[in-house]
Amino acid sequence: MTALNEPLKLGDLLKYEEDCLNYSRDQVTVAIGENLELGAVVGRVASSGKVKRFDPTATDGTEVPAGILLGAIDASLIERDNGLLLARHGIVATHAVTWPVGITTAHKAAAIAALEARGILIRQSA
């Protein structure tokens with residue numbers, strides 16, 4: 001029997017968010033050259049305010065996690081201004097959060113602590 005694999009959906013990632021007029025969410029511009037999936041941890045470029053994939057070794061602002069994307073967005077060819085970011089006060093499932101390839105345990109722990117400081121908790125989920 002062939003196994004079917006479905007992509008993750010918002011309900012797989014987001015387990016709780018503050019309910020007051022989308023308080024937890026920010027609309028963001030994704031920088032050109034980025035192709036980000038649902039659940040991607042992103043940082044904000046200090047000079048432009050645009051988001052890119054979190055990079056713990058960067059020095060442009062993206063070394064600090066700004067939040068977690070609530071939808072896939074392809075800005076490979078042109079920047080996109082319709083990104084939706086969980087920026088504060090929410091709970092997400094650990095299995096649906098996407099980290100940069102090759103992230104170290106220490107960098108991941110520091111990023112999780114930075115997200116927790118924003119009120120974004122990463123928890124085990126079924």
# chains A, B, ... in the order shown; residues from 1 in each chain; ligands from 1

$ select_by_dssp --residues "chain A" --states "strand (DSSP E)" --output "PDB file with all heavy atoms, in the first residue's frame"
ATOM      1  N   LEU A  14       0.223  25.643  14.835  1.00  0.00           N
ATOM      2  CA  LEU A  14      -0.264  26.590  15.832  1.00  0.00           C
ATOM      3  C   LEU A  14      -1.250  25.911  16.778  1.00  0.00           C
ATOM      4  O   LEU A  14      -2.299  25.442  16.364  1.00  0.00           O
ATOM      5  CB  LEU A  14      -0.935  27.776  15.123  1.00  0.00           C
ATOM      6  CG  LEU A  14      -1.338  28.955  15.975  1.00  0.00           C
ATOM      7  CD1 LEU A  14      -0.128  29.557  16.685  1.00  0.00           C
ATOM      8  CD2 LEU A  14      -2.023  30.002  15.119  1.00  0.00           C
ATOM      9  N   LYS A  15      -0.899  25.883  18.051  1.00  0.00           N
ATOM     10  CA  LYS A  15      -1.752  25.239  19.046  1.00  0.00           C
ATOM     11  C   LYS A  15      -2.503  26.238  19.916  1.00  0.00           C
ATOM     12  O   LYS A  15      -3.516  25.918  20.506  1.00  0.00           O
ATOM     13  CB  LYS A  15      -0.915  24.306  19.928  1.00  0.00           C
ATOM     14  CG  LYS A  15      -0.266  23.185  19.128  1.00  0.00           C
ATOM     15  CD  LYS A  15      -1.306  22.415  18.338  1.00  0.00           C
ATOM     16  CE  LYS A  15      -0.726  21.361  17.445  1.00  0.00           C
ATOM     17  NZ  LYS A  15      -1.699  20.708  16.588  1.00  0.00           N
ATOM     18  N   TYR A  16      -1.992  27.465  19.999  1.00  0.00           N
ATOM     19  CA  TYR A  16      -2.673  28.513  20.759  1.00  0.00           C
ATOM     20  C   TYR A  16      -2.093  29.857  20.332  1.00  0.00           C
ATOM     21  O   TYR A  16      -0.907  29.974  20.063  1.00  0.00           O
ATOM     22  CB  TYR A  16      -2.456  28.356  22.271  1.00  0.00           C
ATOM     23  CG  TYR A  16      -2.936  29.551  23.057  1.00  0.00           C
ATOM     24  CD1 TYR A  16      -4.275  29.695  23.392  1.00  0.00           C
ATOM     25  CD2 TYR A  16      -2.060  30.566  23.420  1.00  0.00           C
ATOM     26  CE1 TYR A  16      -4.727  30.812  24.084  1.00  0.00           C
ATOM     27  CE2 TYR A  16      -2.503  31.685  24.115  1.00  0.00           C
ATOM     28  CZ  TYR A  16      -3.829  31.799  24.436  1.00  0.00           C
ATOM     29  OH  TYR A  16      -4.273  32.909  25.111  1.00  0.00           O
ATOM     30  N   GLU A  17      -2.968  30.874  20.275  1.00  0.00           N
ATOM     31  CA  GLU A  17      -2.505  32.248  20.129  1.00  0.00           C
ATOM     32  C   GLU A  17      -3.474  33.157  20.854  1.00  0.00           C
ATOM     33  O   GLU A  17      -4.634  32.821  21.050  1.00  0.00           O
ATOM     34  CB  GLU A  17      -2.351  32.647  18.662  1.00  0.00           C
ATOM     35  CG  GLU A  17      -3.637  32.783  17.899  1.00  0.00           C
ATOM     36  CD  GLU A  17      -3.423  33.245  16.460  1.00  0.00           C
ATOM     37  OE1 GLU A  17      -2.654  34.181  16.235  1.00  0.00           O
ATOM     38  OE2 GLU A  17      -4.040  32.645  15.578  1.00  0.00           O
ATOM     39  N   ARG A  25      -0.223  38.166  15.832  1.00  0.00           N
ATOM     40  CA  ARG A  25       0.273  38.128  14.453  1.00  0.00           C
ATOM     41  C   ARG A  25       0.729  39.493  13.950  1.00  0.00           C
ATOM     42  O   ARG A  25       0.189  40.510  14.329  1.00  0.00           O
ATOM     43  CB  ARG A  25      -0.831  37.630  13.524  1.00  0.00           C
ATOM     44  CG  ARG A  25      -1.306  36.242  13.866  1.00  0.00           C
ATOM     45  CD  ARG A  25      -2.437  35.820  12.971  1.00  0.00           C
ATOM     46  NE  ARG A  25      -2.908  34.480  13.320  1.00  0.00           N
ATOM     47  CZ  ARG A  25      -3.638  33.728  12.539  1.00  0.00           C
ATOM     48  NH1 ARG A  25      -4.012  34.179  11.348  1.00  0.00           N
ATOM     49  NH2 ARG A  25      -4.009  32.526  12.917  1.00  0.00           N
ATOM     50  N   ASP A  26       1.722  39.454  13.069  1.00  0.00           N
ATOM     51  CA  ASP A  26       2.168  40.639  12.339  1.00  0.00           C
ATOM     52  C   ASP A  26       2.225  40.286  10.861  1.00  0.00           C
ATOM     53  O   ASP A  26       2.630  39.169  10.506  1.00  0.00           O
ATOM     54  CB  ASP A  26       3.574  41.084  12.765  1.00  0.00           C
ATOM     55  CG  ASP A  26       3.609  41.777  14.107  1.00  0.00           C
ATOM     56  OD1 ASP A  26       2.544  42.204  14.591  1.00  0.00           O
ATOM     57  OD2 ASP A  26       4.713  41.895  14.667  1.00  0.00           O
ATOM     58  N   GLN A  27       1.858  41.221  10.015  1.00  0.00           N
ATOM     59  CA  GLN A  27       2.068  41.050   8.576  1.00  0.00           C
ATOM     60  C   GLN A  27       3.473  41.551   8.289  1.00  0.00           C
ATOM     61  O   GLN A  27       3.868  42.620   8.748  1.00  0.00           O
ATOM     62  CB  GLN A  27       1.049  41.830   7.753  1.00  0.00           C
ATOM     63  CG  GLN A  27       1.160  41.509   6.281  1.00  0.00           C
ATOM     64  CD  GLN A  27      -0.002  42.050   5.474  1.00  0.00           C
ATOM     65  OE1 GLN A  27      -1.019  42.445   6.023  1.00  0.00           O
ATOM     66  NE2 GLN A  27       0.164  42.054   4.175  1.00  0.00           N
ATOM     67  N   VAL A  28       4.246  40.754   7.531  1.00  0.00           N
ATOM     68  CA  VAL A  28       5.640  41.079   7.268  1.00  0.00           C
ATOM     69  C   VAL A  28       5.954  40.969   5.783  1.00  0.00           C
ATOM     70  O   VAL A  28       5.232  40.315   5.027  1.00  0.00           O
ATOM     71  CB  VAL A  28       6.588  40.153   8.059  1.00  0.00           C
ATOM     72  CG1 VAL A  28       6.466  40.381   9.554  1.00  0.00           C
ATOM     73  CG2 VAL A  28       6.347  38.689   7.715  1.00  0.00           C
ATOM     74  N   THR A  29       7.042  41.610   5.397  1.00  0.00           N
ATOM     75  CA  THR A  29       7.564  41.495   4.043  1.00  0.00           C
ATOM     76  C   THR A  29       8.709  40.502   4.068  1.00  0.00           C
ATOM     77  O   THR A  29       9.642  40.634   4.873  1.00  0.00           O
ATOM     78  CB  THR A  29       8.058  42.856   3.522  1.00  0.00           C
ATOM     79  OG1 THR A  29       6.958  43.764   3.525  1.00  0.00           O
ATOM     80  CG2 THR A  29       8.622  42.740   2.120  1.00  0.00           C
ATOM     81  N   VAL A  30       8.624  39.507   3.201  1.00  0.00           N
ATOM     82  CA  VAL A  30       9.676  38.503   3.092  1.00  0.00           C
ATOM     83  C   VAL A  30      10.664  38.974   2.027  1.00  0.00           C
ATOM     84  O   VAL A  30      10.277  39.326   0.913  1.00  0.00           O
ATOM     85  CB  VAL A  30       9.086  37.119   2.734  1.00  0.00           C
ATOM     86  CG1 VAL A  30      10.193  36.090   2.556  1.00  0.00           C
ATOM     87  CG2 VAL A  30       8.113  36.672   3.827  1.00  0.00           C
ATOM     88  N   GLU A  34      14.123  34.436  -0.703  1.00  0.00           N
ATOM     89  CA  GLU A  34      13.689  33.499   0.337  1.00  0.00           C
ATOM     90  C   GLU A  34      12.525  32.640  -0.161  1.00  0.00           C
ATOM     91  O   GLU A  34      11.619  33.148  -0.811  1.00  0.00           O
ATOM     92  CB  GLU A  34      13.250  34.250   1.595  1.00  0.00           C
ATOM     93  CG  GLU A  34      14.339  35.053   2.246  1.00  0.00           C
ATOM     94  CD  GLU A  34      15.412  34.187   2.865  1.00  0.00           C
ATOM     95  OE1 GLU A  34      15.085  33.307   3.673  1.00  0.00           O
ATOM     96  OE2 GLU A  34      16.596  34.409   2.529  1.00  0.00           O
ATOM     97  N   ASN A  35      12.561  31.366   0.145  1.00  0.00           N
ATOM     98  CA  ASN A  35      11.456  30.453  -0.110  1.00  0.00           C
ATOM     99  C   ASN A  35      11.216  29.729   1.208  1.00  0.00           C
ATOM    100  O   ASN A  35      11.899  28.763   1.522  1.00  0.00           O
ATOM    101  CB  ASN A  35      11.780  29.480  -1.239  1.00  0.00           C
ATOM    102  CG  ASN A  35      10.594  28.627  -1.621  1.00  0.00           C
ATOM    103  OD1 ASN A  35       9.480  28.822  -1.123  1.00  0.00           O
ATOM    104  ND2 ASN A  35      10.811  27.674  -2.494  1.00  0.00           N
ATOM    105  N   LEU A  36      10.268  30.217   1.978  1.00  0.00           N
ATOM    106  CA  LEU A  36      10.078  29.779   3.353  1.00  0.00           C
ATOM    107  C   LEU A  36       8.810  28.945   3.502  1.00  0.00           C
ATOM    108  O   LEU A  36       7.793  29.245   2.902  1.00  0.00           O
ATOM    109  CB  LEU A  36      10.017  30.997   4.274  1.00  0.00           C
ATOM    110  CG  LEU A  36      11.243  31.906   4.224  1.00  0.00           C
ATOM    111  CD1 LEU A  36      10.976  33.206   4.960  1.00  0.00           C
ATOM    112  CD2 LEU A  36      12.453  31.200   4.785  1.00  0.00           C
ATOM    113  N   VAL A  41      11.336  29.498  11.264  1.00  0.00           N
ATOM    114  CA  VAL A  41      11.772  30.527  12.207  1.00  0.00           C
ATOM    115  C   VAL A  41      12.488  31.590  11.389  1.00  0.00           C
ATOM    116  O   VAL A  41      13.351  31.277  10.570  1.00  0.00           O
ATOM    117  CB  VAL A  41      12.710  29.935  13.275  1.00  0.00           C
ATOM    118  CG1 VAL A  41      13.198  31.013  14.226  1.00  0.00           C
ATOM    119  CG2 VAL A  41      12.013  28.823  14.045  1.00  0.00           C
ATOM    120  N   VAL A  42      12.104  32.852  11.586  1.00  0.00           N
ATOM    121  CA  VAL A  42      12.675  33.948  10.796  1.00  0.00           C
ATOM    122  C   VAL A  42      13.239  35.026  11.704  1.00  0.00           C
ATOM    123  O   VAL A  42      12.848  35.164  12.855  1.00  0.00           O
ATOM    124  CB  VAL A  42      11.641  34.559   9.820  1.00  0.00           C
ATOM    125  CG1 VAL A  42      11.177  33.539   8.804  1.00  0.00           C
ATOM    126  CG2 VAL A  42      10.459  35.149  10.565  1.00  0.00           C
ATOM    127  N   GLY A  43      14.162  35.785  11.120  1.00  0.00           N
ATOM    128  CA  GLY A  43      14.708  36.966  11.768  1.00  0.00           C
ATOM    129  C   GLY A  43      14.427  38.172  10.894  1.00  0.00           C
ATOM    130  O   GLY A  43      14.122  38.035   9.708  1.00  0.00           O
ATOM    131  N   ARG A  44      14.541  39.344  11.473  1.00  0.00           N
ATOM    132  CA  ARG A  44      14.250  40.581  10.752  1.00  0.00           C
ATOM    133  C   ARG A  44      15.562  41.285  10.410  1.00  0.00           C
ATOM    134  O   ARG A  44      16.381  41.554  11.289  1.00  0.00           O
ATOM    135  CB  ARG A  44      13.364  41.477  11.610  1.00  0.00           C
ATOM    136  CG  ARG A  44      12.730  42.618  10.870  1.00  0.00           C
ATOM    137  CD  ARG A  44      11.814  43.435  11.775  1.00  0.00           C
ATOM    138  NE  ARG A  44      10.776  42.670  12.433  1.00  0.00           N
ATOM    139  CZ  ARG A  44       9.566  42.414  11.919  1.00  0.00           C
ATOM    140  NH1 ARG A  44       9.261  42.862  10.722  1.00  0.00           N
ATOM    141  NH2 ARG A  44       8.674  41.731  12.600  1.00  0.00           N
ATOM    142  N   VAL A  51      11.876  40.150   6.570  1.00  0.00           N
ATOM    143  CA  VAL A  51      12.257  38.914   7.253  1.00  0.00           C
ATOM    144  C   VAL A  51      12.937  37.957   6.293  1.00  0.00           C
ATOM    145  O   VAL A  51      12.669  37.944   5.092  1.00  0.00           O
ATOM    146  CB  VAL A  51      11.056  38.234   7.955  1.00  0.00           C
ATOM    147  CG1 VAL A  51      10.482  39.123   9.032  1.00  0.00           C
ATOM    148  CG2 VAL A  51       9.995  37.803   6.981  1.00  0.00           C
ATOM    149  N   LYS A  52      13.830  37.182   6.879  1.00  0.00           N
ATOM    150  CA  LYS A  52      14.555  36.127   6.185  1.00  0.00           C
ATOM    151  C   LYS A  52      14.653  34.946   7.142  1.00  0.00           C
ATOM    152  O   LYS A  52      14.406  35.103   8.344  1.00  0.00           O
ATOM    153  CB  LYS A  52      15.977  36.581   5.822  1.00  0.00           C
ATOM    154  CG  LYS A  52      16.034  37.704   4.813  1.00  0.00           C
ATOM    155  CD  LYS A  52      17.428  38.255   4.632  1.00  0.00           C
ATOM    156  CE  LYS A  52      18.397  37.254   4.059  1.00  0.00           C
ATOM    157  NZ  LYS A  52      19.720  37.860   3.783  1.00  0.00           N
ATOM    158  N   ARG A  53      15.048  33.797   6.626  1.00  0.00           N
ATOM    159  CA  ARG A  53      15.235  32.633   7.486  1.00  0.00           C
ATOM    160  C   ARG A  53      16.218  32.989   8.606  1.00  0.00           C
ATOM    161  O   ARG A  53      17.234  33.626   8.371  1.00  0.00           O
ATOM    162  CB  ARG A  53      15.767  31.453   6.678  1.00  0.00           C
ATOM    163  CG  ARG A  53      15.831  30.165   7.502  1.00  0.00           C
ATOM    164  CD  ARG A  53      16.270  28.979   6.665  1.00  0.00           C
ATOM    165  NE  ARG A  53      15.410  28.752   5.519  1.00  0.00           N
ATOM    166  CZ  ARG A  53      14.252  28.098   5.538  1.00  0.00           C
ATOM    167  NH1 ARG A  53      13.781  27.635   6.678  1.00  0.00           N
ATOM    168  NH2 ARG A  53      13.565  27.924   4.434  1.00  0.00           N
ATOM    169  N   PRO A  65      15.757  35.621  16.433  1.00  0.00           N
ATOM    170  CA  PRO A  65      14.451  35.193  15.923  1.00  0.00           C
ATOM    171  C   PRO A  65      13.371  36.240  16.178  1.00  0.00           C
ATOM    172  O   PRO A  65      13.217  36.725  17.294  1.00  0.00           O
ATOM    173  CB  PRO A  65      14.143  33.906  16.681  1.00  0.00           C
ATOM    174  CG  PRO A  65      15.306  33.610  17.532  1.00  0.00           C
ATOM    175  CD  PRO A  65      16.237  34.772  17.511  1.00  0.00           C
ATOM    176  N   ALA A  66      12.636  36.585  15.117  1.00  0.00           N
ATOM    177  CA  ALA A  66      11.540  37.546  15.219  1.00  0.00           C
ATOM    178  C   ALA A  66      10.198  36.851  15.366  1.00  0.00           C
ATOM    179  O   ALA A  66       9.221  37.461  15.776  1.00  0.00           O
ATOM    180  CB  ALA A  66      11.512  38.443  13.986  1.00  0.00           C
ATOM    181  N   GLY A  67      10.139  35.570  15.017  1.00  0.00           N
ATOM    182  CA  GLY A  67       8.898  34.820  15.104  1.00  0.00           C
ATOM    183  C   GLY A  67       8.912  33.626  14.193  1.00  0.00           C
ATOM    184  O   GLY A  67       9.954  33.212  13.682  1.00  0.00           O
ATOM    185  N   ILE A  68       7.712  33.092  13.971  1.00  0.00           N
ATOM    186  CA  ILE A  68       7.529  31.866  13.184  1.00  0.00           C
ATOM    187  C   ILE A  68       6.465  32.132  12.128  1.00  0.00           C
ATOM    188  O   ILE A  68       5.384  32.643  12.439  1.00  0.00           O
ATOM    189  CB  ILE A  68       7.117  30.699  14.102  1.00  0.00           C
ATOM    190  CG1 ILE A  68       8.237  30.441  15.134  1.00  0.00           C
ATOM    191  CG2 ILE A  68       6.808  29.451  13.293  1.00  0.00           C
ATOM    192  CD1 ILE A  68       7.893  29.420  16.191  1.00  0.00           C
ATOM    193  N   LEU A  69       6.780  31.785  10.881  1.00  0.00           N
ATOM    194  CA  LEU A  69       5.830  32.018   9.788  1.00  0.00           C
ATOM    195  C   LEU A  69       4.608  31.121   9.917  1.00  0.00           C
ATOM    196  O   LEU A  69       4.723  29.930  10.190  1.00  0.00           O
ATOM    197  CB  LEU A  69       6.489  31.763   8.435  1.00  0.00           C
ATOM    198  CG  LEU A  69       7.321  32.888   7.863  1.00  0.00           C
ATOM    199  CD1 LEU A  69       7.818  32.518   6.474  1.00  0.00           C
ATOM    200  CD2 LEU A  69       6.562  34.191   7.794  1.00  0.00           C
ATOM    201  N   ILE A  73       5.679  30.867   2.034  1.00  0.00           N
ATOM    202  CA  ILE A  73       5.736  32.027   1.148  1.00  0.00           C
ATOM    203  C   ILE A  73       7.000  31.948   0.296  1.00  0.00           C
ATOM    204  O   ILE A  73       8.085  31.718   0.803  1.00  0.00           O
ATOM    205  CB  ILE A  73       5.651  33.346   1.940  1.00  0.00           C
ATOM    206  CG1 ILE A  73       5.418  34.507   1.005  1.00  0.00           C
ATOM    207  CG2 ILE A  73       6.829  33.561   2.810  1.00  0.00           C
ATOM    208  CD1 ILE A  73       4.745  35.677   1.672  1.00  0.00           C
ATOM    209  N   ASP A  74       6.805  32.089  -1.002  1.00  0.00           N
ATOM    210  CA  ASP A  74       7.905  32.000  -1.954  1.00  0.00           C
ATOM    211  C   ASP A  74       8.256  33.399  -2.464  1.00  0.00           C
ATOM    212  O   ASP A  74       7.514  33.993  -3.229  1.00  0.00           O
ATOM    213  CB  ASP A  74       7.519  31.085  -3.119  1.00  0.00           C
ATOM    214  CG  ASP A  74       8.658  30.845  -4.084  1.00  0.00           C
ATOM    215  OD1 ASP A  74       9.745  31.447  -3.919  1.00  0.00           O
ATOM    216  OD2 ASP A  74       8.474  30.037  -5.015  1.00  0.00           O
ATOM    217  N   ALA A  75       9.384  33.896  -2.008  1.00  0.00           N
ATOM    218  CA  ALA A  75       9.879  35.199  -2.450  1.00  0.00           C
ATOM    219  C   ALA A  75      11.178  35.003  -3.235  1.00  0.00           C
ATOM    220  O   ALA A  75      12.049  35.863  -3.226  1.00  0.00           O
ATOM    221  CB  ALA A  75      10.091  36.111  -1.256  1.00  0.00           C
ATOM    222  N   ARG A  80       7.864  39.555  -1.065  1.00  0.00           N
ATOM    223  CA  ARG A  80       6.429  39.392  -0.825  1.00  0.00           C
ATOM    224  C   ARG A  80       6.051  40.121   0.453  1.00  0.00           C
ATOM    225  O   ARG A  80       6.696  39.958   1.481  1.00  0.00           O
ATOM    226  CB  ARG A  80       6.066  37.914  -0.689  1.00  0.00           C
ATOM    227  CG  ARG A  80       6.443  37.051  -1.862  1.00  0.00           C
ATOM    228  CD  ARG A  80       5.540  37.303  -3.003  1.00  0.00           C
ATOM    229  NE  ARG A  80       5.932  36.448  -4.132  1.00  0.00           N
ATOM    230  CZ  ARG A  80       5.291  36.383  -5.251  1.00  0.00           C
ATOM    231  NH1 ARG A  80       4.222  37.122  -5.441  1.00  0.00           N
ATOM    232  NH2 ARG A  80       5.701  35.603  -6.213  1.00  0.00           N
ATOM    233  N   ASP A  81       4.991  40.928   0.367  1.00  0.00           N
ATOM    234  CA  ASP A  81       4.581  41.700   1.541  1.00  0.00           C
ATOM    235  C   ASP A  81       3.361  41.106   2.241  1.00  0.00           C
ATOM    236  O   ASP A  81       2.707  41.776   3.018  1.00  0.00           O
ATOM    237  CB  ASP A  81       4.325  43.153   1.171  1.00  0.00           C
ATOM    238  CG  ASP A  81       3.201  43.321   0.157  1.00  0.00           C
ATOM    239  OD1 ASP A  81       2.603  42.318  -0.255  1.00  0.00           O
ATOM    240  OD2 ASP A  81       2.920  44.472  -0.210  1.00  0.00           O
ATOM    241  N   ASN A  82       3.089  39.840   1.980  1.00  0.00           N
ATOM    242  CA  ASN A  82       1.924  39.213   2.580  1.00  0.00           C
ATOM    243  C   ASN A  82       2.287  38.065   3.522  1.00  0.00           C
ATOM    244  O   ASN A  82       1.487  37.164   3.739  1.00  0.00           O
ATOM    245  CB  ASN A  82       0.961  38.728   1.496  1.00  0.00           C
ATOM    246  CG  ASN A  82       1.583  37.706   0.567  1.00  0.00           C
ATOM    247  OD1 ASN A  82       2.802  37.597   0.481  1.00  0.00           O
ATOM    248  ND2 ASN A  82       0.755  36.963  -0.138  1.00  0.00           N
ATOM    249  N   GLY A  83       3.478  38.123   4.096  1.00  0.00           N
ATOM    250  CA  GLY A  83       3.861  37.098   5.069  1.00  0.00           C
ATOM    251  C   GLY A  83       3.110  37.303   6.371  1.00  0.00           C
ATOM    252  O   GLY A  83       2.840  38.431   6.787  1.00  0.00           O
ATOM    253  N   LEU A  84       2.751  36.216   7.030  1.00  0.00           N
ATOM    254  CA  LEU A  84       2.041  36.274   8.306  1.00  0.00           C
ATOM    255  C   LEU A  84       2.919  35.624   9.366  1.00  0.00           C
ATOM    256  O   LEU A  84       3.309  34.468   9.245  1.00  0.00           O
ATOM    257  CB  LEU A  84       0.697  35.562   8.195  1.00  0.00           C
ATOM    258  CG  LEU A  84      -0.290  35.803   9.320  1.00  0.00           C
ATOM    259  CD1 LEU A  84      -0.580  37.293   9.498  1.00  0.00           C
ATOM    260  CD2 LEU A  84      -1.581  35.058   9.054  1.00  0.00           C
ATOM    261  N   LEU A  85       3.238  36.399  10.389  1.00  0.00           N
ATOM    262  CA  LEU A  85       4.212  35.998  11.389  1.00  0.00           C
ATOM    263  C   LEU A  85       3.560  35.871  12.757  1.00  0.00           C
ATOM    264  O   LEU A  85       2.832  36.774  13.190  1.00  0.00           O
ATOM    265  CB  LEU A  85       5.309  37.077  11.451  1.00  0.00           C
ATOM    266  CG  LEU A  85       6.482  36.831  12.372  1.00  0.00           C
ATOM    267  CD1 LEU A  85       7.353  35.700  11.836  1.00  0.00           C
ATOM    268  CD2 LEU A  85       7.305  38.098  12.509  1.00  0.00           C
ATOM    269  N   LEU A  86       3.810  34.755  13.427  1.00  0.00           N
ATOM    270  CA  LEU A  86       3.478  34.639  14.842  1.00  0.00           C
ATOM    271  C   LEU A  86       4.601  35.368  15.568  1.00  0.00           C
ATOM    272  O   LEU A  86       5.735  34.889  15.630  1.00  0.00           O
ATOM    273  CB  LEU A  86       3.403  33.176  15.287  1.00  0.00           C
ATOM    274  CG  LEU A  86       3.101  32.952  16.769  1.00  0.00           C
ATOM    275  CD1 LEU A  86       1.705  33.457  17.119  1.00  0.00           C
ATOM    276  CD2 LEU A  86       3.256  31.501  17.136  1.00  0.00           C
ATOM    277  N   GLY A  90       2.058  32.920  21.719  1.00  0.00           N
ATOM    278  CA  GLY A  90       1.459  31.766  21.069  1.00  0.00           C
ATOM    279  C   GLY A  90       2.189  30.497  21.469  1.00  0.00           C
ATOM    280  O   GLY A  90       3.281  30.542  22.045  1.00  0.00           O
ATOM    281  N   ILE A  91       1.565  29.375  21.161  1.00  0.00           N
ATOM    282  CA  ILE A  91       2.182  28.065  21.397  1.00  0.00           C
ATOM    283  C   ILE A  91       2.183  27.314  20.082  1.00  0.00           C
ATOM    284  O   ILE A  91       1.159  27.248  19.391  1.00  0.00           O
ATOM    285  CB  ILE A  91       1.417  27.263  22.471  1.00  0.00           C
ATOM    286  CG1 ILE A  91       1.407  28.029  23.800  1.00  0.00           C
ATOM    287  CG2 ILE A  91       2.040  25.879  22.654  1.00  0.00           C
ATOM    288  CD1 ILE A  91       0.546  27.393  24.881  1.00  0.00           C
ATOM    289  N   VAL A  92       3.346  26.747  19.730  1.00  0.00           N
ATOM    290  CA  VAL A  92       3.478  25.981  18.498  1.00  0.00           C
ATOM    291  C   VAL A  92       3.992  24.581  18.815  1.00  0.00           C
ATOM    292  O   VAL A  92       4.630  24.353  19.846  1.00  0.00           O
ATOM    293  CB  VAL A  92       4.422  26.677  17.490  1.00  0.00           C
ATOM    294  CG1 VAL A  92       3.847  27.996  17.017  1.00  0.00           C
ATOM    295  CG2 VAL A  92       5.806  26.878  18.071  1.00  0.00           C
ATOM    296  N   ALA A  93       3.703  23.653  17.911  1.00  0.00           N
ATOM    297  CA  ALA A  93       4.141  22.271  18.056  1.00  0.00           C
ATOM    298  C   ALA A  93       5.566  22.119  17.539  1.00  0.00           C
ATOM    299  O   ALA A  93       5.884  22.552  16.429  1.00  0.00           O
ATOM    300  CB  ALA A  93       3.208  21.342  17.294  1.00  0.00           C
ATOM    301  N   ILE A 120       6.463  33.181  22.721  1.00  0.00           N
ATOM    302  CA  ILE A 120       6.212  32.077  21.786  1.00  0.00           C
ATOM    303  C   ILE A 120       6.824  30.825  22.390  1.00  0.00           C
ATOM    304  O   ILE A 120       8.043  30.718  22.519  1.00  0.00           O
ATOM    305  CB  ILE A 120       6.822  32.366  20.404  1.00  0.00           C
ATOM    306  CG1 ILE A 120       6.216  33.634  19.814  1.00  0.00           C
ATOM    307  CG2 ILE A 120       6.606  31.167  19.471  1.00  0.00           C
ATOM    308  CD1 ILE A 120       6.891  34.110  18.549  1.00  0.00           C
ATOM    309  N   LEU A 121       5.971  29.891  22.751  1.00  0.00           N
ATOM    310  CA  LEU A 121       6.411  28.654  23.386  1.00  0.00           C
ATOM    311  C   LEU A 121       6.378  27.515  22.379  1.00  0.00           C
ATOM    312  O   LEU A 121       5.418  27.385  21.608  1.00  0.00           O
ATOM    313  CB  LEU A 121       5.512  28.324  24.571  1.00  0.00           C
ATOM    314  CG  LEU A 121       5.344  29.444  25.604  1.00  0.00           C
ATOM    315  CD1 LEU A 121       4.369  29.001  26.702  1.00  0.00           C
ATOM    316  CD2 LEU A 121       6.678  29.848  26.186  1.00  0.00           C
ATOM    317  N   ILE A 122       7.416  26.695  22.396  1.00  0.00           N
ATOM    318  CA  ILE A 122       7.496  25.531  21.522  1.00  0.00           C
ATOM    319  C   ILE A 122       7.315  24.321  22.393  1.00  0.00           C
ATOM    320  O   ILE A 122       8.107  24.095  23.316  1.00  0.00           O
ATOM    321  CB  ILE A 122       8.839  25.503  20.768  1.00  0.00           C
ATOM    322  CG1 ILE A 122       8.984  26.763  19.913  1.00  0.00           C
ATOM    323  CG2 ILE A 122       8.955  24.251  19.920  1.00  0.00           C
ATOM    324  CD1 ILE A 122      10.328  26.922  19.252  1.00  0.00           C
ATOM    325  N   ARG A 123       6.284  23.543  22.111  1.00  0.00           N
ATOM    326  CA  ARG A 123       5.926  22.416  22.961  1.00  0.00           C
ATOM    327  C   ARG A 123       5.751  21.133  22.157  1.00  0.00           C
ATOM    328  O   ARG A 123       5.418  21.170  20.982  1.00  0.00           O
ATOM    329  CB  ARG A 123       4.610  22.706  23.705  1.00  0.00           C
ATOM    330  CG  ARG A 123       4.676  23.889  24.620  1.00  0.00           C
ATOM    331  CD  ARG A 123       5.538  23.556  25.838  1.00  0.00           C
ATOM    332  NE  ARG A 123       5.586  24.622  26.792  1.00  0.00           N
ATOM    333  CZ  ARG A 123       6.651  25.391  27.026  1.00  0.00           C
ATOM    334  NH1 ARG A 123       7.754  25.207  26.337  1.00  0.00           N
ATOM    335  NH2 ARG A 123       6.616  26.328  27.925  1.00  0.00           N
TER     336      ARG A 123
END

$ residues_around --residues "Ala109 of chain A" --least-positions-apart "6" --cutoff "12 Å" --atoms "only C-alpha atoms" --output "ChimeraX atom specification"
/A:56,65,99,103,115-116,122

$ closest_residue --among "A:Gly49, A:Gly61, A:Gly39, A:Gly119" --to "Leu10 of chain A" --atoms "only C-alpha atoms"
A:Gly39

$ atom_distance --atom1 "atom CA of Thr62 of chain A" --atom2 "atom CA of Lys50 of chain A"
9.5 Å

$ select_by_dssp --residues "chain A" --states "helix (DSSP H, G or I)" --output "ChimeraX atom specification"
/A:10-13,94-96,105-117
